[in-house]
Amino acid sequence: MYLHRFMTSVPFRPAWTRNGAAMMQWLFCPTPQAVGFALRNTLASLLALAVAFWMELDSPQWAVATVWSVAQVRRGESMSKARWRIVGTMAGAIAAVVFIAAFPQQAWLFFPAVAIWIGLCSFLATFSLNFRSYAFVLSGYTCSIIAVAAASQPDNVFFIAVSRATYIVLGVVCEAAMALLFAHDLATRARATMHARVEEVLHQLALLLREIVLHDRETLTHAGEFSDMMVSVHRGIEFPAIEMGRHSHAGDHARAVFANISIMVTRLFGLSGAAGQGDPVLLDTRERLLRLCDSLHSCRLHQGILQALHGEAKALATLFHDRALYDNKDEARRVTHTMLHAAMTDLAQALEHCQAIFTPPAHDRFRFRLPGHRDLRLALYNGLRGAAAIMIAGLVYEVTAWPGGMGFIAITTLVCGLFATRENPVVGTLRFLSGAIWSAVAAGCLDLWIVPYLSNYEELAFVLGIFLFVGGLAKYNPGTAGAAAAYGLLMPNLLMPGNQLRVDEITFLNNALHTVLAVGLSVLVFRLVLPFCAAEERVRFAAHIRAELRGLCIMPLPPLPQWWIGTSVDRIGRLVRHAAQAGDRAAAGEIRQALMLSAVGLNILLLRQLKREQDNDASHSLAVLLRTLARYQPVSRRGLAMISVTRRRLRAAAQRDGADPWLLQVMGCLDGIERTAAISMDGNRAYV
């Protein structure tokens with residue numbers, strides 16, 4: 001009876017049917033936001049195409065491709081990408097005119113020059129964030145597209161460059177105009193988004209701080225995930241800041257929040273969990289910190305709650321400072337409370353910036369930038385891959401004299417440029433290839449079976465709009481966004497619409513062939529030429545950080561702690577992402593080690609700041625210690641031995657001079673270096 005009731009109430013569906021329905025839900029059951037995104041950009045594309053027809057431009061499909069290239073889910077992303085796309089197009093157009101003028105009818109001077117330019121643009125783009133890197137990439141492949149189109153008619157290179165720039169500006173203007181019609185209360189929604197991002201960081205901080213206080217064994221694993229989240233939120237905060245307008249400095253305050261929270265978490269990595277387990281003072285400290293975690297986890301960015309949280313953090317900072325200063329019984333307890341005082345001070349500063357986000361102060365001119373990691377080797381590899389792809393495509397063209405060879409080179413340049421600046425350029429290339437194949441199928445249906453029967457623009461717009469609308473739904477869905485990016489960029493180019501143009505079967509098949517083969521060549525280049533390896537990256541990062549630690553000890557002008565934290569969090573976030581993409585569970589040890597080395601570097605910089613504040617015997621001992629650490633490395637047995645010797649000297653000075661806040665801070669930094677360096681040296685040791 002129960003079996004009969006179950007079978008009659010829940011119809012049986014095969015697993016593949018259920019999975020297929022879930023995979024196609026973005027198409028058959030789209031969200032209202034996805035429909036709005038797809039409709040907005042479809043209308044912008046058709047408007048750009050109509051204006052291009054009216055202006056009788058020779059390649060109106062590039063205006064449509066520009067709309068879909070610029071279109072992003074968030075309005076701030078679209079605004080940023082449109083601005084940098086115009087800048088990159090202008091730079092690429094100028095470079096194309098220069099190369100055609102310098103190397104007319106000289107193929108094997110022209111192709112290497114373009115390859116070097118592409119490599120240089122990819123190299124520089126790796127050092128930029130968000131869509132600033134896109135400007136460098138765009139200047140590279142725009143130069144190639146214009147130069148390749150003008151290679152057979154060098155006298156017309158200037159007009160081709162102007163035409164290309166016109167398509168870009170037209171597409172950007174149409175996308176922006178249509179977005180303004182769909183935008184409603186943009187600044188208010190952007191502020192709500194920023195509040196939600198900051199709230200998410202505070203909630204995750206509460207969970208991580210609870211694990212640190214309770215000395216959970218998975219603390220460092222979750223700290224790596226927290227760093228990855230911080231990098232993602234930091235990069236994404238730029239776009240709601242753009243939507244809020246130039247007058248607002250909420251984005252700067254949000255970055256300051258992230259910096260202070262990252263410094264706070266890194267300080268606490270060296271917190272001892274073994275000392276004083278039954279100590280009533282430390283138990284009271286732990287209970288107060290756990291109550292703070294509860295407050296952070298339930299907080300919302302409202303003025304009253306922020307003020308209460310800020311007051312709680314300030315009160316804890318004062319309490320821990322008093323306990324560190326007037327406790328003469330236990331040195332370890334004093335050092336622990338000194339570290340907690342500094343951490344609560346960082347949290348209080350972060351909450352002050354949260355208040356500035358919620359209630360901007362009058363005449364606010366606050367500016368703050370949090371730097372990221374600049375990987376010279378990755379930049380060099382990206383440049384070499386791009387240059388190699390162009391040289392291979394040029395060689396194929398010269399050897400085969402393929403009529404579609406110039407288009408093959410242009411599309412190869414475009415795809416290599418799009419993927420060159422990614423941290424792991426292999427990820428997403430196969431999806432882009434599948435999108436290129438789908439774009440060829442869609443354009444083939446339009447070119448060969450539908451467009452020949454259309455007699456006016458209205459009919460073309462109706463039919464083309466259906467295909468573009470489906471592409472917009474796919475681009476809004478994260479699972480199909482990679483393939484949809486290729487679809488929106490390449491399908492209009494294969495369609496080749498024109499006022500007096502009808503693409504025949506031979507022309508279409510040649511264009512589709514060289515487009516798909518160009519994408520395939522780019523995929524092979526990224527997988528075969530200097531392929532990315534996450535395991536090698538972890539080893540290289542560890543060696544690089546160790547070398548940097550030695551430099552931090554002796555460089556004449558040490559960087560600010562915010563600089564070190566920004567680069568360290570960026571590195572750790574990359575390690576976590578790449579390990580997740582590769583499914584590498586063995587990376588946890590290296591990620592924990594990177595976290596410990598980050599804490600060592602922070603304490604070295606704080607130690608140098610303290611050394612500059614005093615000129616006494618203790619500061620001279622610190623100078624000797626720093627020179628020794630630079631010689632033997634901070635994370636080494638000799639380095640730990642020298643730290644122990646210096647701590648004994650300072651302990652004697654503290655007993656002789658009484659309660660000295662400066663000495664307590666120095667002892668806290670030395671304790672943090674010693675503990676985190678010891679954990680880093682033992683990669684298999686659990687965090688206890």
# chains A, B, ... in the order shown; residues from 1 in each chain; ligands from 1

call {"tool": "residues_around", "arguments": {"residues": "Pro361 of chain A", "least_positions_apart": "3", "cutoff": "12 Å", "atoms": "only C-alpha atoms", "output": "PyMOL selection string"}}
result
chain A and resi 247-250+253+352-358+364-366

call {"tool": "residues_around", "arguments": {"residues": "Leu220 of chain A", "least_positions_apart": "4", "cutoff": "12 Å", "atoms": "only C-alpha atoms", "output": "PyMOL selection string"}}
result
chain A and resi 208-209+211-212+215-216+224-227+265-266+268-270+572+576+588-596+599+676+679-680+685-688

call {"tool": "write_last_selection", "arguments": {"atoms": "N, CA, C and O atoms", "output": "short mmCIF file (atom, residue, chain, number, x, y, z; two decimals), in the first residue's frame"}}
result
data_model
loop_
_atom_site.label_atom_id
_atom_site.label_comp_id
_atom_site.auth_asym_id
_atom_site.auth_seq_id
_atom_site.Cartn_x
_atom_site.Cartn_y
_atom_site.Cartn_z
N LEU A 208 35.27 32.50 11.58
CA LEU A 208 36.70 32.22 11.65
C LEU A 208 37.27 32.60 13.01
O LEU A 208 38.11 31.87 13.57
N LEU A 209 36.85 33.73 13.56
CA LEU A 209 37.34 34.16 14.87
C LEU A 209 36.92 33.16 15.95
O LEU A 209 37.70 32.87 16.88
N GLU A 211 36.59 29.95 15.53
CA GLU A 211 37.48 28.80 15.40
C GLU A 211 38.86 29.11 15.98
O GLU A 211 39.51 28.24 16.58
N ILE A 212 39.34 30.36 15.77
CA ILE A 212 40.65 30.73 16.33
C ILE A 212 40.60 30.71 17.85
O ILE A 212 41.51 30.21 18.52
N HIS A 215 40.43 27.22 18.99
CA HIS A 215 41.60 26.46 18.54
C HIS A 215 41.18 25.22 17.75
O HIS A 215 41.62 24.10 18.01
N ASP A 216 40.31 25.44 16.80
CA ASP A 216 39.83 24.36 15.93
C ASP A 216 40.96 23.92 15.00
O ASP A 216 41.74 24.74 14.51
N GLY A 224 42.21 29.94 4.67
CA GLY A 224 42.50 30.04 3.24
C GLY A 224 41.25 30.33 2.43
O GLY A 224 41.27 31.16 1.51
N GLU A 225 40.14 29.67 2.77
CA GLU A 225 38.88 29.95 2.09
C GLU A 225 38.42 31.39 2.37
O GLU A 225 37.85 32.05 1.49
N PHE A 226 38.66 31.86 3.60
CA PHE A 226 38.31 33.24 3.94
C PHE A 226 39.13 34.22 3.09
O PHE A 226 38.60 35.24 2.61
N SER A 227 40.40 33.92 2.86
CA SER A 227 41.24 34.78 2.01
C SER A 227 40.73 34.80 0.58
O SER A 227 40.69 35.86 -0.07
N VAL A 265 43.08 39.13 11.42
CA VAL A 265 43.11 37.67 11.35
C VAL A 265 44.54 37.17 11.31
O VAL A 265 44.89 36.18 11.97
N THR A 266 45.40 37.83 10.55
CA THR A 266 46.78 37.40 10.44
C THR A 266 47.51 37.54 11.77
O THR A 266 48.35 36.71 12.12
N LEU A 268 46.29 37.02 14.64
CA LEU A 268 45.82 35.99 15.56
C LEU A 268 46.28 34.59 15.19
O LEU A 268 46.02 33.65 15.93
N PHE A 269 46.94 34.42 14.02
CA PHE A 269 47.43 33.09 13.66
C PHE A 269 48.46 32.59 14.67
O PHE A 269 48.60 31.39 14.86
N GLY A 270 49.20 33.51 15.28
CA GLY A 270 50.21 33.09 16.25
C GLY A 270 49.70 32.97 17.66
O GLY A 270 50.50 32.76 18.58
N ILE A 572 47.21 33.78 -1.42
CA ILE A 572 46.53 32.66 -0.78
C ILE A 572 45.20 32.38 -1.47
O ILE A 572 44.82 31.22 -1.68
N VAL A 576 44.09 28.77 -3.23
CA VAL A 576 42.84 28.07 -2.90
C VAL A 576 42.02 27.83 -4.15
O VAL A 576 41.49 26.72 -4.38
N ALA A 588 46.47 21.52 0.72
CA ALA A 588 46.13 22.14 2.01
C ALA A 588 47.37 22.48 2.81
O ALA A 588 47.43 23.52 3.46
N GLY A 589 48.39 21.61 2.77
CA GLY A 589 49.62 21.88 3.51
C GLY A 589 50.33 23.12 3.02
O GLY A 589 50.78 23.95 3.83
N GLU A 590 50.44 23.28 1.70
CA GLU A 590 51.09 24.46 1.16
C GLU A 590 50.31 25.74 1.45
O GLU A 590 50.89 26.79 1.68
N ILE A 591 48.98 25.64 1.44
CA ILE A 591 48.16 26.82 1.75
C ILE A 591 48.34 27.22 3.21
O ILE A 591 48.46 28.41 3.54
N ARG A 592 48.37 26.22 4.12
CA ARG A 592 48.63 26.53 5.53
C ARG A 592 50.00 27.18 5.70
O ARG A 592 50.16 28.13 6.47
N GLN A 593 50.99 26.67 4.97
CA GLN A 593 52.33 27.25 5.07
C GLN A 593 52.34 28.69 4.57
O GLN A 593 52.98 29.57 5.17
N ALA A 594 51.62 28.97 3.48
CA ALA A 594 51.56 30.35 2.98
C ALA A 594 50.90 31.28 4.00
O ALA A 594 51.33 32.43 4.17
N LEU A 595 49.88 30.78 4.70
CA LEU A 595 49.25 31.59 5.75
C LEU A 595 50.24 31.90 6.87
O LEU A 595 50.30 33.03 7.37
N MET A 596 51.03 30.91 7.28
CA MET A 596 52.00 31.13 8.35
C MET A 596 53.09 32.10 7.91
O MET A 596 53.51 32.98 8.67
N ALA A 599 51.84 35.56 8.15
CA ALA A 599 51.85 36.08 9.52
C ALA A 599 53.26 36.46 9.95
O ALA A 599 53.46 37.47 10.64
N THR A 676 54.45 31.10 14.50
CA THR A 676 54.06 30.84 13.11
C THR A 676 55.21 30.26 12.30
O THR A 676 55.00 29.41 11.43
N ILE A 679 55.38 26.55 13.13
CA ILE A 679 54.33 25.79 12.44
C ILE A 679 54.66 25.66 10.96
O ILE A 679 54.45 24.61 10.35
N SER A 680 55.20 26.72 10.35
CA SER A 680 55.54 26.67 8.93
C SER A 680 56.64 25.67 8.66
O SER A 680 56.64 25.01 7.61
N ARG A 685 52.23 19.52 10.87
CA ARG A 685 51.77 19.78 12.23
C ARG A 685 50.38 20.41 12.20
O ARG A 685 50.13 21.33 11.44
N ALA A 686 49.50 19.96 13.02
CA ALA A 686 48.16 20.53 13.11
C ALA A 686 48.21 21.84 13.86
O ALA A 686 49.07 22.06 14.70
N TYR A 687 47.25 22.69 13.55
CA TYR A 687 47.17 23.98 14.24
C TYR A 687 46.45 23.78 15.57
O TYR A 687 45.24 23.57 15.63
N VAL A 688 47.22 23.82 16.64
CA VAL A 688 46.65 23.61 17.98
C VAL A 688 47.11 24.72 18.89
O VAL A 688 48.08 25.40 18.60
#

call {"tool": "closest_residue", "arguments": {"among": "A:Ile545, A:Met339, A:Ala82, A:Ala410", "to": "Cys143 of chain A", "atoms": "only C-alpha atoms"}}
result
A:Ala410

call {"tool": "atom_distance", "arguments": {"atom1": "atom CA of Trp54 of chain A", "atom2": "atom CA of Ser144 of chain A"}}
result
27.2 Å

call {"tool": "closest_atom_pairs", "arguments": {"of": "segment 136-233 of chain A", "to": "segment 277-300 of chain A", "cutoff": "10 Å", "atoms": "only C-alpha atoms", "output": "tab-separated table"}}
result
residue	atom	partner	partner_atom	distance
A:His195	CA	A:Arg300	CA	8.5
A:Ala196	CA	A:Arg300	CA	8.6
A:Val198	CA	A:Arg300	CA	9.4
A:Glu199	CA	A:Arg300	CA	6.4
A:Glu200	CA	A:His297	CA	9.0
A:Val201	CA	A:His297	CA	9.7
A:Leu202	CA	A:Leu296	CA	6.1
A:His203	CA	A:His297	CA	4.5
A:Gln204	CA	A:His297	CA	7.5
A:Leu205	CA	A:Leu296	CA	7.8
A:Ala206	CA	A:Cys293	CA	4.7
A:Leu207	CA	A:Cys293	CA	7.1
A:Leu208	CA	A:Cys293	CA	8.9
A:Leu209	CA	A:Cys293	CA	6.8
A:Arg210	CA	A:Cys293	CA	6.2
A:Glu211	CA	A:Leu290	CA	9.7
A:Val213	CA	A:Arg286	CA	6.5
A:Leu214	CA	A:Arg286	CA	8.1

call {"tool": "closest_residue", "arguments": {"among": "A:Met344, A:Leu446, A:Ile86, A:Val525", "to": "Ala461 of chain A", "atoms": "only C-alpha atoms"}}
result
A:Leu446

call {"tool": "residues_around", "arguments": {"residues": "Phe368 of chain A", "least_positions_apart": "3", "cutoff": "8 Å", "atoms": "only C-alpha atoms", "output": "MDAnalysis selection string"}}
result
chainID A and resid 252:253 255:256

call {"tool": "write_last_selection", "arguments": {"atoms": "N, CA and C atoms", "output": "mmCIF file, in the first residue's frame"}}
result
data_model
loop_
_atom_site.group_PDB
_atom_site.id
_atom_site.type_symbol
_atom_site.label_atom_id
_atom_site.label_comp_id
_atom_site.auth_asym_id
_atom_site.auth_seq_id
_atom_site.Cartn_x
_atom_site.Cartn_y
_atom_site.Cartn_z
ATOM 1 N N ASP A 252 36.362 52.971 -1.097
ATOM 2 C CA ASP A 252 37.624 53.114 -0.371
ATOM 3 C C ASP A 252 37.471 52.658 1.079
ATOM 4 N N HIS A 253 36.362 53.042 1.706
ATOM 5 C CA HIS A 253 36.134 52.601 3.083
ATOM 6 C C HIS A 253 35.965 51.082 3.147
ATOM 7 N N ARG A 255 37.368 48.857 1.167
ATOM 8 C CA ARG A 255 38.708 48.268 1.047
ATOM 9 C C ARG A 255 39.488 48.402 2.352
ATOM 10 N N ALA A 256 39.307 49.530 3.047
ATOM 11 C CA ALA A 256 39.963 49.689 4.353
ATOM 12 C C ALA A 256 39.420 48.679 5.364
#

call {"tool": "closest_residue", "arguments": {"among": "A:Ser619, A:Ser522, A:Gln349, A:Asn477", "to": "Ala389 of chain A", "atoms": "only C-alpha atoms"}}
result
A:Ser522

call {"tool": "select_by_dssp", "arguments": {"residues": "segment 360-532 of chain A", "states": "helix (DSSP H, G or I)", "output": "PyMOL selection string"}}
result
chain A and resi 376-400+405-420+429-453+457-476+478-495+505-528

call {"tool": "atom_distance", "arguments": {"atom1": "atom CA of Trp62 of chain A", "atom2": "atom CA of Ile145 of chain A"}}
result
11.3 Å

call {"tool": "closest_residue", "arguments": {"among": "A:Leu509, A:Ala102, A:Leu464, A:Leu418", "to": "Ala486 of chain A", "atoms": "only C-alpha atoms"}}
result
A:Leu418

call {"tool": "residues_around", "arguments": {"residues": "Tyr487 of chain A", "least_positions_apart": "5", "cutoff": "8 Å", "atoms": "only C-alpha atoms", "output": "PDB file with all heavy atoms, in the first residue's frame"}}
result
ATOM      1  N   GLY A 435      31.218  27.245 -27.238  1.00  0.00           N
ATOM      2  CA  GLY A 435      30.450  28.421 -27.639  1.00  0.00           C
ATOM      3  C   GLY A 435      30.716  28.819 -29.074  1.00  0.00           C
ATOM      4  O   GLY A 435      29.800  29.258 -29.794  1.00  0.00           O
ATOM      5  N   ALA A 436      31.971  28.668 -29.525  1.00  0.00           N
ATOM      6  CA  ALA A 436      32.294  28.972 -30.922  1.00  0.00           C
ATOM      7  C   ALA A 436      31.566  28.026 -31.875  1.00  0.00           C
ATOM      8  O   ALA A 436      31.072  28.434 -32.938  1.00  0.00           O
ATOM      9  CB  ALA A 436      33.803  28.887 -31.133  1.00  0.00           C
ATOM     10  N   TRP A 438      28.693  26.444 -31.239  1.00  0.00           N
ATOM     11  CA  TRP A 438      27.276  26.813 -31.230  1.00  0.00           C
ATOM     12  C   TRP A 438      27.029  28.097 -32.018  1.00  0.00           C
ATOM     13  O   TRP A 438      25.983  28.245 -32.669  1.00  0.00           O
ATOM     14  CB  TRP A 438      26.789  26.972 -29.799  1.00  0.00           C
ATOM     15  CG  TRP A 438      26.451  25.676 -29.126  1.00  0.00           C
ATOM     16  CD1 TRP A 438      27.133  25.064 -28.123  1.00  0.00           C
ATOM     17  CD2 TRP A 438      25.349  24.823 -29.436  1.00  0.00           C
ATOM     18  NE1 TRP A 438      26.532  23.883 -27.784  1.00  0.00           N
ATOM     19  CE2 TRP A 438      25.419  23.710 -28.567  1.00  0.00           C
ATOM     20  CE3 TRP A 438      24.300  24.884 -30.355  1.00  0.00           C
ATOM     21  CZ2 TRP A 438      24.489  22.676 -28.596  1.00  0.00           C
ATOM     22  CZ3 TRP A 438      23.370  23.860 -30.388  1.00  0.00           C
ATOM     23  CH2 TRP A 438      23.474  22.777 -29.519  1.00  0.00           C
ATOM     24  N   SER A 439      27.967  29.034 -31.977  1.00  0.00           N
ATOM     25  CA  SER A 439      27.798  30.255 -32.767  1.00  0.00           C
ATOM     26  C   SER A 439      27.823  29.950 -34.257  1.00  0.00           C
ATOM     27  O   SER A 439      27.078  30.563 -35.040  1.00  0.00           O
ATOM     28  CB  SER A 439      28.903  31.259 -32.410  1.00  0.00           C
ATOM     29  OG  SER A 439      30.173  30.803 -32.835  1.00  0.00           O
ATOM     30  N   GLY A 471      21.065  33.814 -26.328  1.00  0.00           N
ATOM     31  CA  GLY A 471      22.447  34.021 -25.898  1.00  0.00           C
ATOM     32  C   GLY A 471      22.538  34.862 -24.636  1.00  0.00           C
ATOM     33  O   GLY A 471      23.401  34.617 -23.780  1.00  0.00           O
TER      34      GLY A 471
END

call {"tool": "residues_around", "arguments": {"residues": "Glu175 of chain A", "least_positions_apart": "5", "cutoff": "8 Å", "atoms": "only C-alpha atoms", "output": "PyMOL selection string"}}
result
chain A and resi 41+44-45+67+70-71

call {"tool": "atom_distance", "arguments": {"atom1": "atom CA of Ile160 of chain A", "atom2": "atom CA of Val173 of chain A"}}
result
20.0 Å

call {"tool": "closest_residue", "arguments": {"among": "A:Thr412, A:Pro478, A:Ile604, A:Trp449", "to": "Ala518 of chain A", "atoms": "only C-alpha atoms"}}
result
A:Thr412

call {"tool": "closest_residue", "arguments": {"among": "A:Thr646, A:Ala587, A:His321, A:Pro492", "to": "His620 of chain A", "atoms": "only C-alpha atoms"}}
result
A:Thr646

call {"tool": "residues_around", "arguments": {"residues": "segment 113-119 of chain A", "least_positions_apart": "3", "cutoff": "7 Å", "atoms": "only C-alpha atoms", "output": "number ranges by chain"}}
result
A: 109-110, 122-123, 140-141, 144, 383-384, 386-387, 390-391

call {"tool": "write_last_selection", "arguments": {"atoms": "N, CA and C atoms", "output": "PDB file, in the first residue's frame"}}
result
ATOM      1  N   LEU A 109      58.337  40.577 -41.325  1.00  0.00           N
ATOM      2  CA  LEU A 109      58.606  41.646 -40.371  1.00  0.00           C
ATOM      3  C   LEU A 109      57.297  42.070 -39.695  1.00  0.00           C
ATOM      4  N   PHE A 110      56.213  41.986 -40.454  1.00  0.00           N
ATOM      5  CA  PHE A 110      54.908  42.385 -39.931  1.00  0.00           C
ATOM      6  C   PHE A 110      54.403  41.423 -38.856  1.00  0.00           C
ATOM      7  N   SER A 122      49.697  41.445 -23.440  1.00  0.00           N
ATOM      8  CA  SER A 122      49.320  40.385 -22.492  1.00  0.00           C
ATOM      9  C   SER A 122      50.184  40.446 -21.240  1.00  0.00           C
ATOM     10  N   PHE A 123      51.467  40.756 -21.415  1.00  0.00           N
ATOM     11  CA  PHE A 123      52.379  40.888 -20.272  1.00  0.00           C
ATOM     12  C   PHE A 123      51.918  41.999 -19.337  1.00  0.00           C
ATOM     13  N   GLY A 140      45.791  44.943 -27.839  1.00  0.00           N
ATOM     14  CA  GLY A 140      46.544  43.942 -28.580  1.00  0.00           C
ATOM     15  C   GLY A 140      45.762  43.344 -29.725  1.00  0.00           C
ATOM     16  N   TYR A 141      44.571  42.800 -29.425  1.00  0.00           N
ATOM     17  CA  TYR A 141      43.876  42.125 -30.523  1.00  0.00           C
ATOM     18  C   TYR A 141      43.170  43.100 -31.458  1.00  0.00           C
ATOM     19  N   SER A 144      45.743  43.720 -34.044  1.00  0.00           N
ATOM     20  CA  SER A 144      45.850  42.593 -34.975  1.00  0.00           C
ATOM     21  C   SER A 144      44.688  42.580 -35.963  1.00  0.00           C
ATOM     22  N   GLY A 383      52.614  36.497 -22.077  1.00  0.00           N
ATOM     23  CA  GLY A 383      53.122  37.177 -23.262  1.00  0.00           C
ATOM     24  C   GLY A 383      53.689  36.213 -24.276  1.00  0.00           C
ATOM     25  N   LEU A 384      54.421  35.216 -23.816  1.00  0.00           N
ATOM     26  CA  LEU A 384      55.011  34.243 -24.740  1.00  0.00           C
ATOM     27  C   LEU A 384      53.943  33.388 -25.415  1.00  0.00           C
ATOM     28  N   GLY A 386      50.805  34.292 -26.110  1.00  0.00           N
ATOM     29  CA  GLY A 386      50.153  35.107 -27.129  1.00  0.00           C
ATOM     30  C   GLY A 386      51.015  35.284 -28.358  1.00  0.00           C
ATOM     31  N   ALA A 387      52.302  35.567 -28.152  1.00  0.00           N
ATOM     32  CA  ALA A 387      53.204  35.737 -29.292  1.00  0.00           C
ATOM     33  C   ALA A 387      53.347  34.436 -30.075  1.00  0.00           C
ATOM     34  N   ILE A 390      50.294  33.794 -32.389  1.00  0.00           N
ATOM     35  CA  ILE A 390      50.276  34.623 -33.600  1.00  0.00           C
ATOM     36  C   ILE A 390      51.310  34.127 -34.603  1.00  0.00           C
ATOM     37  N   MET A 391      52.471  33.746 -34.120  1.00  0.00           N
ATOM     38  CA  MET A 391      53.507  33.250 -35.035  1.00  0.00           C
ATOM     39  C   MET A 391      53.064  31.944 -35.696  1.00  0.00           C
TER      40      MET A 391
END

call {"tool": "residues_around", "arguments": {"residues": "Ile437 of chain A", "least_positions_apart": "2", "cutoff": "10 Å", "atoms": "only C-alpha atoms", "output": "list in words"}}
result
Arg431, Phe432, Leu433, Ser434, Gly435, Ser439, Ala440, Val441, Ala442, Ala443, Ala483, Ala486, Tyr487, Leu490, Met491, Ala512, Leu513, Thr515, Val516, Leu517 and Val519 of chain A
